[in-house]
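Trainee: To start, I am sharing the structure in question, which I have written as C-alpha coordinates.
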Amino acid sequence: MAENDDTLVCRCEDITLAEVRKAIADGYTTIDEIKRVTRAGMGPCQGRTCRSLIATELSRHFKIPREEVLIPIYRPIVKPVKLGSFVKGESGE
(Lines give C-alpha, C1' and ligand atoms only; values in the text may rest on other atoms or scores of the structure.)
Protein backbone atom coordinates (compact mmCIF):
# COMPACT_ATOMS: atom_id res chain seq x y z
CA MET A 1 0.00 0.00 0.00
CA ALA A 2 1.47 3.31 -1.06
CA GLU A 3 1.34 5.98 1.61
CA ASN A 4 1.75 9.66 1.02
CA ASP A 5 2.21 12.54 3.39
CA ASP A 6 -1.51 13.41 3.23
CA THR A 7 -2.53 10.04 4.70
CA LEU A 8 -4.50 10.55 7.91
CA VAL A 9 -2.89 8.78 10.83
CA CYS A 10 -5.19 10.15 13.54
CA ARG A 11 -8.71 10.66 12.26
CA CYS A 12 -9.97 12.18 15.51
CA GLU A 13 -7.41 15.01 15.48
CA ASP A 14 -6.77 15.15 11.68
CA ILE A 15 -3.06 14.39 12.07
CA THR A 16 -1.35 13.41 8.83
CA LEU A 17 1.57 11.10 8.17
CA ALA A 18 3.61 14.20 7.26
CA GLU A 19 3.06 15.63 10.76
CA VAL A 20 4.10 12.36 12.40
CA ARG A 21 7.19 12.13 10.18
CA LYS A 22 8.10 15.75 11.01
CA ALA A 23 7.84 15.02 14.73
CA ILE A 24 10.15 12.02 14.30
CA ALA A 25 12.57 14.14 12.24
CA ASP A 26 12.48 16.78 15.00
CA GLY A 27 13.79 14.18 17.45
CA TYR A 28 10.69 12.73 19.08
CA THR A 29 11.24 8.99 19.48
CA THR A 30 8.24 7.58 21.35
CA ILE A 31 4.51 7.44 20.79
CA ASP A 32 3.94 9.50 23.95
CA GLU A 33 6.29 12.26 22.77
CA ILE A 34 4.63 12.36 19.36
CA LYS A 35 1.22 12.46 21.06
CA ARG A 36 2.26 15.49 23.12
CA VAL A 37 3.53 17.53 20.18
CA THR A 38 0.93 16.56 17.56
CA ARG A 39 -2.18 15.63 19.62
CA ALA A 40 -2.36 12.29 17.79
CA GLY A 41 -4.13 9.95 20.17
CA MET A 42 -5.88 12.66 22.18
CA GLY A 43 -9.22 12.45 20.38
CA PRO A 44 -12.36 10.57 21.39
CA CYS A 45 -10.91 7.14 20.53
CA GLN A 46 -7.84 7.83 22.73
CA GLY A 47 -5.40 6.44 20.15
CA ARG A 48 -6.96 3.05 19.59
CA THR A 49 -6.09 3.27 15.88
CA CYS A 50 -3.31 5.80 15.54
CA ARG A 51 -1.04 4.35 18.25
CA SER A 52 -0.30 1.33 16.09
CA LEU A 53 0.13 3.47 12.96
CA ILE A 54 2.62 5.72 14.75
CA ALA A 55 4.43 2.67 16.11
CA THR A 56 4.73 1.32 12.56
CA GLU A 57 6.20 4.62 11.37
CA LEU A 58 8.69 4.66 14.28
CA SER A 59 9.64 1.08 13.39
CA ARG A 60 10.27 2.06 9.77
CA HIS A 61 12.24 5.16 10.63
CA PHE A 62 14.52 3.55 13.21
CA LYS A 63 14.71 0.21 11.33
CA ILE A 64 13.69 -1.82 14.36
CA PRO A 65 11.08 -4.57 14.65
CA ARG A 66 7.58 -3.25 15.32
CA GLU A 67 7.47 -5.31 18.53
CA GLU A 68 10.34 -3.23 19.97
CA VAL A 69 8.38 0.03 19.79
CA LEU A 70 7.01 0.84 23.25
CA ILE A 71 3.21 1.02 23.17
CA PRO A 72 1.82 3.29 25.91
CA ILE A 73 -0.75 1.94 28.33
CA TYR A 74 -4.33 2.91 27.50
CA ARG A 75 -5.79 5.24 30.09
CA PRO A 76 -9.55 5.75 30.07
CA ILE A 77 -10.92 9.27 30.08
CA VAL A 78 -11.39 10.64 33.59
CA LYS A 79 -14.65 12.31 34.51
CA PRO A 80 -14.94 14.40 37.68
CA VAL A 81 -17.59 13.15 40.10
CA LYS A 82 -19.06 15.09 43.00
CA LEU A 83 -18.38 13.42 46.34
CA GLY A 84 -22.06 13.65 47.17
CA SER A 85 -22.77 11.24 44.29
CA PHE A 86 -21.12 8.47 46.26
CA VAL A 87 -23.38 9.09 49.24
CA LYS A 88 -26.67 9.92 47.50
CA GLY A 89 -26.23 8.15 44.17
CA GLU A 90 -26.68 9.67 40.72
CA SER A 91 -30.46 10.14 41.05
CA GLY A 92 -30.13 11.92 44.41
CA GLU A 93 -31.82 9.11 46.37
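Labels for the C-alpha coordinates follow display order: chains A, B, ..., residues from 1 in each chain, ligands from 1.
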I want to know what sits within 10 Å of A:Gly41, based on only C-alpha atoms, with residues of the same chain fewer than 2 positions away left out; could you give that as a PyMOL selection string?

Mentor: chain A and resi 9-13+15+31-32+34-36+38-39+43-51+54

Trainee: Calculate how many Å separate atom CA of A:Val20 from atom CA of A:Val78, rounding to one decimal.

Mentor: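 Spanning atom CA of A:Val20 to atom CA of A:Val78 is a straight-line distance of 26.3 Å.
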